[in-house]
>>> print(open('target_19.txt').read())   # compact mmCIF, C-alpha atoms
# COMPACT_ATOMS: atom_id res chain seq x y z
CA MET I 23 -83.72 -3.57 50.29
CA LYS I 24 -80.14 -4.58 49.49
CA TYR I 25 -78.54 -4.96 46.07
CA GLY I 26 -75.57 -6.86 44.75
CA ILE I 27 -73.35 -7.69 41.78
CA CYS I 28 -71.39 -10.78 40.80
CA ASN I 29 -67.62 -10.27 40.69
CA LEU I 30 -66.76 -13.97 40.23
CA SER I 31 -66.77 -15.91 36.97
CA THR I 32 -70.01 -17.55 38.06
CA ILE I 33 -72.10 -18.03 41.21
CA PRO I 34 -74.49 -20.99 41.56
CA LEU I 35 -78.14 -20.06 42.11
CA TYR I 36 -79.97 -22.69 44.15
CA GLU I 37 -83.67 -23.41 44.62
CA ALA I 38 -83.25 -23.46 48.41
CA SER I 39 -80.67 -22.27 50.95
CA ASP I 40 -78.71 -25.50 50.83
CA ASN I 41 -75.70 -26.65 48.79
CA ALA I 42 -77.52 -29.92 48.15
CA SER I 43 -80.49 -28.07 46.64
CA GLU I 44 -81.26 -28.08 42.91
CA LEU I 45 -79.27 -25.67 40.76
CA ILE I 46 -81.82 -23.49 39.00
CA SER I 47 -79.49 -21.03 37.26
CA GLN I 48 -76.11 -19.32 37.45
CA VAL I 49 -75.12 -15.71 38.05
CA LEU I 50 -72.40 -14.68 35.60
CA PHE I 51 -69.75 -12.03 36.17
CA GLY I 52 -71.19 -8.51 36.04
CA GLU I 53 -74.82 -9.50 36.61
CA HIS I 54 -76.65 -7.51 39.27
CA TYR I 55 -79.55 -8.42 41.51
CA LYS I 56 -81.88 -7.49 44.35
CA VAL I 57 -81.67 -9.22 47.73
CA LEU I 58 -85.14 -10.48 48.68
CA GLN I 59 -84.33 -12.38 51.87
CA GLU I 60 -81.28 -13.24 53.95
CA ASN I 61 -80.06 -15.37 56.80
CA LYS I 62 -76.62 -15.91 58.28
CA LYS I 63 -75.26 -17.99 55.41
CA TRP I 64 -77.58 -17.46 52.45
CA LEU I 65 -79.25 -14.73 50.40
CA LYS I 66 -82.34 -15.08 48.27
CA ILE I 67 -81.88 -12.88 45.20
CA LYS I 68 -83.73 -11.79 42.09
CA LEU I 69 -81.64 -11.25 38.96
CA ASN I 70 -82.32 -7.99 37.19
CA TYR I 71 -81.84 -9.45 33.69
CA ASP I 72 -84.49 -12.18 33.72
CA ASN I 73 -86.17 -11.93 37.17
CA CYS I 74 -84.91 -15.42 38.07
CA GLU I 75 -85.04 -15.99 41.84
CA GLY I 76 -82.90 -18.29 43.95
CA TRP I 77 -80.39 -18.58 46.78
CA ILE I 78 -76.67 -17.78 46.75
CA ASP I 79 -73.95 -18.24 49.36
CA ALA I 80 -73.73 -15.00 51.37
CA LYS I 81 -69.92 -15.14 51.14
CA GLN I 82 -70.17 -14.58 47.39
CA HIS I 83 -72.30 -11.44 47.69
CA ILE I 84 -70.85 -8.02 46.83
CA GLU I 85 -73.15 -5.20 47.91
CA ILE I 86 -73.90 -2.18 45.71
CA SER I 87 -76.07 0.87 46.28
CA LYS I 88 -79.56 1.31 44.87
CA GLU I 89 -78.25 4.20 42.77
CA TYR I 90 -75.56 1.97 41.27
CA PHE I 91 -78.13 -0.80 40.69
CA ASP I 92 -80.49 1.59 38.88
CA LEU I 93 -77.65 2.96 36.76
CA LEU I 94 -76.64 -0.56 35.72
CA ALA I 95 -80.24 -1.29 34.74
CA LYS I 96 -80.24 1.71 32.38
CA THR I 97 -76.83 1.06 30.83
CA ASP I 98 -76.26 -0.83 27.57
CA ARG I 99 -75.47 -4.50 28.13
CA ILE I 100 -71.98 -5.21 26.76
CA VAL I 101 -70.76 -8.79 27.23
CA SER I 102 -67.62 -10.81 26.59
CA ASN I 103 -67.69 -12.86 23.41
CA GLU I 104 -64.81 -15.22 24.13
CA PHE I 105 -65.25 -18.83 25.26
CA ILE I 106 -63.11 -17.96 28.28
CA ASP I 107 -60.89 -14.93 28.86
CA PHE I 108 -59.36 -12.81 31.59
CA ILE I 109 -59.92 -9.38 33.03
CA GLU I 110 -57.13 -7.45 34.72
CA ASP I 111 -57.22 -4.99 37.62
CA GLU I 112 -54.92 -2.03 38.21
CA GLN I 113 -52.50 -4.23 40.16
CA HIS I 114 -52.27 -6.55 37.12
CA ASN I 115 -54.10 -9.40 38.83
CA LEU I 116 -55.94 -11.64 36.37
CA PHE I 117 -59.47 -13.00 36.87
CA PRO I 118 -61.19 -15.52 34.57
CA ILE I 119 -64.57 -14.75 33.01
CA ILE I 120 -66.82 -16.88 30.81
CA LEU I 121 -68.62 -16.30 27.52
CA GLY I 122 -71.52 -13.87 28.06
CA SER I 123 -70.13 -12.14 31.15
CA ARG I 124 -71.26 -8.54 31.50
CA LEU I 125 -68.75 -5.68 31.38
CA PRO I 126 -70.46 -2.76 33.17
CA PHE I 127 -69.83 0.73 31.73
CA TYR I 128 -67.46 -0.69 29.10
CA THR I 129 -65.50 1.74 26.93
CA LYS I 130 -62.20 1.41 25.07
CA ASN I 131 -61.10 -1.94 26.57
CA SER I 132 -61.91 -0.93 30.13
CA PHE I 133 -64.88 -1.08 32.49
CA GLU I 134 -65.58 -0.73 36.20
CA ILE I 135 -67.36 -2.39 39.09
CA LYS I 136 -67.96 -0.21 42.17
CA ASN I 137 -65.39 2.34 40.96
CA LYS I 138 -62.77 -0.40 40.55
CA LYS I 139 -61.12 -0.05 37.16
CA LEU I 140 -60.72 -3.25 35.15
CA SER I 141 -59.46 -3.95 31.65
CA PHE I 142 -60.59 -6.43 29.02
CA ASN I 143 -59.00 -6.80 25.60
CA GLY I 144 -61.08 -9.64 24.19
CA ARG I 145 -64.04 -9.65 21.83
CA ILE I 146 -67.30 -8.10 22.97
CA SER I 147 -70.91 -8.12 21.79
CA GLY I 148 -74.14 -6.41 22.71
CA ASN I 149 -75.62 -4.90 19.57
CA LYS I 150 -78.54 -6.64 17.87
CA SER I 151 -77.27 -9.04 15.25
CA SER I 152 -78.61 -11.11 12.36
CA LYS I 153 -80.07 -14.61 12.42
CA LYS I 154 -76.81 -15.83 10.89
CA SER I 155 -74.93 -14.49 13.92
CA ILE I 156 -77.32 -16.37 16.21
CA ILE I 157 -76.47 -19.62 14.43
CA ASN I 158 -72.75 -18.90 14.66
CA ALA I 159 -73.09 -18.23 18.40
CA ALA I 160 -75.07 -21.45 18.86
CA PHE I 161 -72.26 -23.49 17.29
CA THR I 162 -69.88 -22.01 19.88
CA TYR I 163 -71.65 -24.15 22.50
CA LEU I 164 -71.67 -27.35 20.42
CA ASN I 165 -70.82 -30.40 22.58
CA ALA I 166 -71.06 -28.42 25.83
CA PRO I 167 -72.30 -30.87 28.50
CA PHE I 168 -75.86 -30.64 29.76
CA LEU I 169 -76.22 -29.20 33.26
CA ARG I 170 -79.63 -28.40 34.69
CA GLY I 171 -79.53 -24.74 35.65
CA GLY I 172 -76.29 -24.14 33.72
CA LYS I 173 -75.54 -21.11 31.52
CA THR I 174 -71.92 -21.67 30.45
CA PRO I 175 -69.99 -23.71 27.84
CA PHE I 176 -68.89 -25.93 30.73
CA GLY I 177 -72.48 -26.93 31.54
CA ILE I 178 -75.78 -25.63 30.17
CA ASP I 179 -79.47 -26.54 29.95
CA SER I 180 -81.80 -26.06 27.00
CA SER I 181 -83.24 -22.69 27.98
CA GLY I 182 -79.91 -21.46 29.32
CA PHE I 183 -78.47 -22.28 25.89
CA THR I 184 -81.11 -20.32 23.97
CA GLN I 185 -81.03 -17.42 26.43
CA MET I 186 -77.25 -17.07 26.23
CA VAL I 187 -77.10 -17.39 22.43
CA TYR I 188 -79.76 -14.72 21.98
CA MET I 189 -78.18 -12.48 24.63
CA LEU I 190 -74.82 -12.62 22.84
CA ASN I 191 -76.63 -11.18 19.84
CA GLY I 192 -78.44 -8.38 21.66
CA TYR I 193 -81.83 -10.07 22.24
CA HIS I 194 -83.51 -10.72 25.56
CA LEU I 195 -85.02 -14.08 26.48
CA LEU I 196 -86.43 -15.12 29.85
CA ARG I 197 -84.84 -17.99 31.78
CA SER I 198 -87.05 -21.09 31.45
CA ALA I 199 -88.39 -22.76 28.31
CA SER I 200 -92.00 -22.15 29.43
CA GLN I 201 -91.26 -18.45 29.97
CA GLN I 202 -89.49 -18.12 26.62
CA ALA I 203 -92.52 -19.70 24.94
CA THR I 204 -94.56 -16.62 25.93
CA GLN I 205 -92.28 -14.40 23.81
CA GLY I 206 -92.32 -13.78 20.07
CA GLU I 207 -94.69 -14.65 17.23
CA VAL I 208 -96.23 -18.10 16.72
CA LEU I 209 -95.51 -19.85 13.41
CA SER I 210 -97.90 -22.49 12.07
CA PHE I 211 -95.43 -24.75 10.30
CA ILE I 212 -91.73 -25.60 10.36
CA GLU I 213 -91.60 -24.47 6.73
CA GLU I 214 -92.46 -20.91 7.86
CA SER I 215 -89.44 -20.76 10.17
CA ASP I 216 -85.96 -19.41 9.50
CA PRO I 217 -82.68 -20.64 10.95
CA GLY I 218 -82.41 -18.93 14.34
CA ASP I 219 -86.08 -19.26 15.27
CA LEU I 220 -87.04 -21.25 18.38
CA ALA I 221 -88.86 -24.58 18.67
CA PHE I 222 -90.52 -25.58 21.95
CA PHE I 223 -91.40 -29.06 23.20
CA ASP I 224 -93.77 -30.32 25.88
CA ASP I 225 -94.25 -33.35 28.15
CA ASN I 226 -97.24 -35.68 28.43
CA GLU I 227 -99.02 -33.16 30.67
CA GLY I 228 -98.64 -30.39 28.09
CA GLN I 229 -95.99 -28.48 30.06
CA ILE I 230 -93.27 -26.89 27.92
CA ILE I 231 -90.00 -28.36 29.15
CA HIS I 232 -87.49 -27.99 26.30
CA VAL I 233 -86.38 -25.49 23.65
CA GLY I 234 -83.90 -25.42 20.78
CA ILE I 235 -82.72 -23.25 17.91
CA ILE I 236 -83.88 -24.18 14.42
CA LEU I 237 -81.20 -24.73 11.77
CA ALA I 238 -81.47 -25.05 8.00
CA ASN I 239 -82.75 -28.21 6.29
CA HIS I 240 -84.98 -29.40 9.14
CA HIS I 241 -82.31 -29.62 11.81
CA ILE I 242 -82.15 -28.21 15.33
CA ILE I 243 -79.37 -27.44 17.81
CA HIS I 244 -80.33 -27.98 21.44
CA ALA I 245 -79.02 -29.10 24.84
CA SER I 246 -79.94 -32.72 25.56
CA GLY I 247 -77.14 -34.68 27.21
CA LYS I 248 -74.91 -32.17 25.46
CA VAL I 249 -75.44 -29.39 22.96
CA ARG I 250 -76.09 -31.39 19.81
CA ILE I 251 -77.64 -31.24 16.35
CA ASP I 252 -80.61 -33.47 15.50
CA ARG I 253 -83.36 -33.75 12.91
CA LEU I 254 -86.56 -31.73 13.40
CA ASP I 255 -89.90 -32.78 11.93
CA HIS I 256 -93.58 -32.15 12.66
CA SER I 257 -93.53 -34.74 15.44
CA GLY I 258 -90.51 -33.29 17.20
CA ILE I 259 -86.79 -34.04 17.56
CA TYR I 260 -85.48 -37.24 16.00
CA ASN I 261 -82.24 -38.53 17.51
CA ALA I 262 -80.46 -40.70 14.93
CA ASP I 263 -78.10 -42.12 17.57
CA LEU I 264 -81.07 -43.50 19.51
CA ASN I 265 -83.18 -44.12 16.40
CA LYS I 266 -86.24 -42.49 17.94
CA HIS I 267 -88.03 -39.21 18.64
CA THR I 268 -86.91 -37.76 21.98
CA HIS I 269 -88.96 -34.54 22.25
CA LYS I 270 -92.55 -33.76 21.20
CA LEU I 271 -92.99 -30.50 19.24
CA ARG I 272 -95.41 -28.00 20.76
CA VAL I 273 -94.86 -24.63 19.07
CA ILE I 274 -92.44 -22.70 16.86
CA LYS I 275 -91.76 -19.03 17.52
CA LYS I 276 -90.07 -16.16 15.75
CA ILE I 277 -88.54 -13.82 18.32
CA PHE I 278 -87.58 -11.06 15.84
>>> encode(input="target_19.txt", output="structure tokens")
Amino acid sequence: MKYGICNLSTIPLYEASDNASELISQVLFGEHYKVLQENKKWLKIKLNYDNCEGWIDAKQHIEISKEYFDLLAKTDRIVSNEFIDFIEDEQHNLFPIILGSRLPFYTKNSFEIKNKKLSFNGRISGNKSSKKSIINAAFTYLNAPFLRGGKTPFGIDSSGFTQMVYMLNGYHLLRSASQQATQGEVLSFIEESDPGDLAFFDDNEGQIIHVGIILANHHIIHASGKVRIDRLDHSGIYNADLNKHTHKLRVIKKIF
């Protein structure tokens, strides 16, 4: 089996080995993965962080050893906490990275990828934080455009939004809304929730398709068209701009 790491700001992860295929997620800088299948132009990979599987362009693959992969899996996850910033190599070349990018083996403003020394002087995060910090991180993405499969402030979906916000605060969520709904403790009523808890929403077939972060005073921040704030009640999300409920509430969960 082969292994790899992302050394670009982001790599698109497709459902099939075709640029016209649906974007199912994104691989951010510093994320590592297993290679499950390959052909001349494409690799099917499985991300170590959330087990998400999809196809990437083989030209964007950087191979690492199994020993390096295993070491990364055991190392604390330190990530950038700037909307966008730059890393610098020993030749003083600059490379852009996005909020939530991983900085492998980070210490004292430096880190490395495959023994290549890199420096980063921006803000970092990784330690478990409070619910207040989760809300602050959520507001960082406010008005980011919706992008199915997206995980960045330049395009993000509902579960990518919750996953990234929680990850910035040291907590691990799976990739899709239905997967995230299997985590945490069920709450019976909105009144039992705290700001920072998660609310999940289903379709007419009962499939969980949407998730958002609960705010104070019966509001919610979520990605629908853009990352926005709406009212939350026992029926679901009420969009005042459209003057109607847009999402049907299924379950509320406390992750920690």
>>> atom_distance(input="target_19.txt", atom1="atom CA of I:Trp77", atom2="atom CA of I:Ser39")
5.6 Å
>>> residues_around(input="target_19.txt", residues="I:Ala245", least_positions_apart="5", cutoff="12 Å", atoms="only C-alpha atoms", output="PDB file with C-alpha atoms, keeping the file's coordinate frame")
ATOM      1  CA  ALA I 160     -75.070 -21.450  18.860  1.00  0.00           C
ATOM      2  CA  PHE I 161     -72.260 -23.490  17.290  1.00  0.00           C
ATOM      3  CA  TYR I 163     -71.650 -24.150  22.500  1.00  0.00           C
ATOM      4  CA  LEU I 164     -71.670 -27.350  20.420  1.00  0.00           C
ATOM      5  CA  ASN I 165     -70.820 -30.400  22.580  1.00  0.00           C
ATOM      6  CA  ALA I 166     -71.060 -28.420  25.830  1.00  0.00           C
ATOM      7  CA  PRO I 167     -72.300 -30.870  28.500  1.00  0.00           C
ATOM      8  CA  PHE I 168     -75.860 -30.640  29.760  1.00  0.00           C
ATOM      9  CA  LEU I 169     -76.220 -29.200  33.260  1.00  0.00           C
ATOM     10  CA  ARG I 170     -79.630 -28.400  34.690  1.00  0.00           C
ATOM     11  CA  GLY I 171     -79.530 -24.740  35.650  1.00  0.00           C
ATOM     12  CA  GLY I 172     -76.290 -24.140  33.720  1.00  0.00           C
ATOM     13  CA  LYS I 173     -75.540 -21.110  31.520  1.00  0.00           C
ATOM     14  CA  THR I 174     -71.920 -21.670  30.450  1.00  0.00           C
ATOM     15  CA  PRO I 175     -69.990 -23.710  27.840  1.00  0.00           C
ATOM     16  CA  GLY I 177     -72.480 -26.930  31.540  1.00  0.00           C
ATOM     17  CA  ILE I 178     -75.780 -25.630  30.170  1.00  0.00           C
ATOM     18  CA  ASP I 179     -79.470 -26.540  29.950  1.00  0.00           C
ATOM     19  CA  SER I 180     -81.800 -26.060  27.000  1.00  0.00           C
ATOM     20  CA  SER I 181     -83.240 -22.690  27.980  1.00  0.00           C
ATOM     21  CA  GLY I 182     -79.910 -21.460  29.320  1.00  0.00           C
ATOM     22  CA  PHE I 183     -78.470 -22.280  25.890  1.00  0.00           C
ATOM     23  CA  THR I 184     -81.110 -20.320  23.970  1.00  0.00           C
ATOM     24  CA  GLN I 185     -81.030 -17.420  26.430  1.00  0.00           C
ATOM     25  CA  ALA I 199     -88.390 -22.760  28.310  1.00  0.00           C
ATOM     26  CA  ILE I 231     -90.000 -28.360  29.150  1.00  0.00           C
ATOM     27  CA  HIS I 232     -87.490 -27.990  26.300  1.00  0.00           C
ATOM     28  CA  VAL I 233     -86.380 -25.490  23.650  1.00  0.00           C
ATOM     29  CA  GLY I 234     -83.900 -25.420  20.780  1.00  0.00           C
ATOM     30  CA  ILE I 235     -82.720 -23.250  17.910  1.00  0.00           C
ATOM     31  CA  ARG I 250     -76.090 -31.390  19.810  1.00  0.00           C
ATOM     32  CA  ILE I 251     -77.640 -31.240  16.350  1.00  0.00           C
ATOM     33  CA  ASP I 252     -80.610 -33.470  15.500  1.00  0.00           C
ATOM     34  CA  ILE I 259     -86.790 -34.040  17.560  1.00  0.00           C
ATOM     35  CA  HIS I 269     -88.960 -34.540  22.250  1.00  0.00           C
TER      36      HIS I 269
END
>>> closest_residue(input="target_19.txt", among="I:His256, I:His54, I:His267, I:His240", to="I:Asn70", atoms="all atoms listed in the file")
I:His54
>>> residues_around(input="target_19.txt", residues="I:Lys150", least_positions_apart="6", cutoff="7 Å", atoms="only C-alpha atoms", output="list in words")
Asn191, Gly192 and Tyr193 of chain I
>>> closest_residue(input="target_19.txt", among="I:Tyr55, I:Gln82, I:Lys154, I:Lys68", to="I:Pro34", atoms="all atoms listed in the file")
I:Gln82
>>> atom_distance(input="target_19.txt", atom1="atom CA of I:Glu112", atom2="atom CA of I:Glu89")
24.6 Å
>>> atom_distance(input="target_19.txt", atom1="atom CA of I:Ser102", atom2="atom CA of I:Ile146")
4.5 Å
>>> residues_near_point(input="target_19.txt", point="(-78.2, -4.8, 46.8)", cutoff="8 Å", atoms="all atoms listed in the file", output="PyMOL selection string")
chain I and resi 23-27+55-57+85-88+91
>>> residues_around(input="target_19.txt", residues="I:Phe117", least_positions_apart="3", cutoff="7 Å", atoms="all atoms listed in the file", output="number ranges by chain")
I: 108-110
>>> closest_atom_pairs(input="target_19.txt", of="stretch 95-162 of chain I", to="stretch 213-228 of chain I", cutoff="12 Å", atoms="only C-alpha atoms", output="Markdown table")
| residue | atom | partner | partner_atom | distance |
| --- | --- | --- | --- | --- |
| I:Ser151 | CA | I:Gly218 | CA | 11.2 |
| I:Ser152 | CA | I:Gly218 | CA | 8.9 |
| I:Lys153 | CA | I:Gly218 | CA | 5.3 |
| I:Lys154 | CA | I:Gly218 | CA | 7.3 |
| I:Ser155 | CA | I:Gly218 | CA | 8.7 |
| I:Ile156 | CA | I:Gly218 | CA | 6.0 |
| I:Ile157 | CA | I:Gly218 | CA | 6.0 |
| I:Asn158 | CA | I:Gly218 | CA | 9.7 |
| I:Ala159 | CA | I:Gly218 | CA | 10.2 |
| I:Ala160 | CA | I:Gly218 | CA | 9.0 |
| I:Phe161 | CA | I:Gly218 | CA | 11.5 |
>>> build_atoms(input="target_19.txt", residues="stretch 221-244 of chain I", atoms="N, CA and C atoms", output="short mmCIF file (atom, residue, chain, number, x, y, z; two decimals), in the coordinates of the input")
data_model
loop_
_atom_site.label_atom_id
_atom_site.label_comp_id
_atom_site.auth_asym_id
_atom_site.auth_seq_id
_atom_site.Cartn_x
_atom_site.Cartn_y
_atom_site.Cartn_z
N ALA I 221 -87.86 -23.52 18.61
CA ALA I 221 -88.86 -24.58 18.67
C ALA I 221 -88.99 -25.03 20.12
N PHE I 222 -90.25 -25.20 20.56
CA PHE I 222 -90.52 -25.58 21.95
C PHE I 222 -91.19 -26.96 21.99
N PHE I 223 -90.95 -27.68 23.09
CA PHE I 223 -91.40 -29.06 23.20
C PHE I 223 -92.02 -29.28 24.58
N ASP I 224 -93.06 -30.12 24.62
CA ASP I 224 -93.77 -30.32 25.88
C ASP I 224 -93.72 -31.78 26.34
N ASP I 225 -94.18 -32.00 27.59
CA ASP I 225 -94.25 -33.35 28.15
C ASP I 225 -95.66 -33.89 27.99
N ASN I 226 -95.93 -35.04 28.58
CA ASN I 226 -97.24 -35.68 28.43
C ASN I 226 -98.36 -34.90 29.09
N GLU I 227 -98.00 -33.99 30.01
CA GLU I 227 -99.02 -33.16 30.67
C GLU I 227 -99.22 -31.83 29.95
N GLY I 228 -98.49 -31.63 28.85
CA GLY I 228 -98.64 -30.39 28.09
C GLY I 228 -97.78 -29.24 28.58
N GLN I 229 -96.87 -29.51 29.53
CA GLN I 229 -95.99 -28.48 30.06
C GLN I 229 -94.76 -28.34 29.15
N ILE I 230 -94.45 -27.11 28.75
CA ILE I 230 -93.27 -26.89 27.92
C ILE I 230 -92.02 -27.07 28.76
N ILE I 231 -91.15 -27.99 28.34
CA ILE I 231 -90.00 -28.36 29.15
C ILE I 231 -88.67 -28.27 28.39
N HIS I 232 -88.72 -27.94 27.09
CA HIS I 232 -87.49 -27.99 26.30
C HIS I 232 -87.59 -26.97 25.16
N VAL I 233 -86.42 -26.47 24.74
CA VAL I 233 -86.38 -25.49 23.65
C VAL I 233 -85.07 -25.67 22.89
N GLY I 234 -85.11 -25.37 21.60
CA GLY I 234 -83.90 -25.42 20.78
C GLY I 234 -83.96 -24.39 19.68
N ILE I 235 -82.85 -24.24 18.98
CA ILE I 235 -82.72 -23.25 17.91
C ILE I 235 -82.77 -23.97 16.57
N ILE I 236 -83.68 -23.54 15.72
CA ILE I 236 -83.88 -24.18 14.42
C ILE I 236 -82.71 -23.85 13.49
N LEU I 237 -82.24 -24.88 12.78
CA LEU I 237 -81.20 -24.73 11.77
C LEU I 237 -81.81 -24.96 10.39
N ALA I 238 -81.00 -24.82 9.36
CA ALA I 238 -81.47 -25.05 8.00
C ALA I 238 -81.72 -26.54 7.76
N ASN I 239 -82.53 -26.83 6.75
CA ASN I 239 -82.75 -28.21 6.29
C ASN I 239 -83.30 -29.13 7.37
N HIS I 240 -84.26 -28.60 8.14
CA HIS I 240 -84.98 -29.40 9.14
C HIS I 240 -84.06 -30.02 10.19
N HIS I 241 -83.15 -29.20 10.70
CA HIS I 241 -82.31 -29.62 11.81
C HIS I 241 -82.49 -28.64 12.96
N ILE I 242 -82.04 -29.05 14.14
CA ILE I 242 -82.15 -28.21 15.33
C ILE I 242 -80.92 -28.42 16.19
N ILE I 243 -80.46 -27.35 16.84
CA ILE I 243 -79.37 -27.44 17.81
C ILE I 243 -79.97 -27.17 19.19
N HIS I 244 -79.68 -28.06 20.13
CA HIS I 244 -80.33 -27.98 21.44
C HIS I 244 -79.47 -28.70 22.46
#
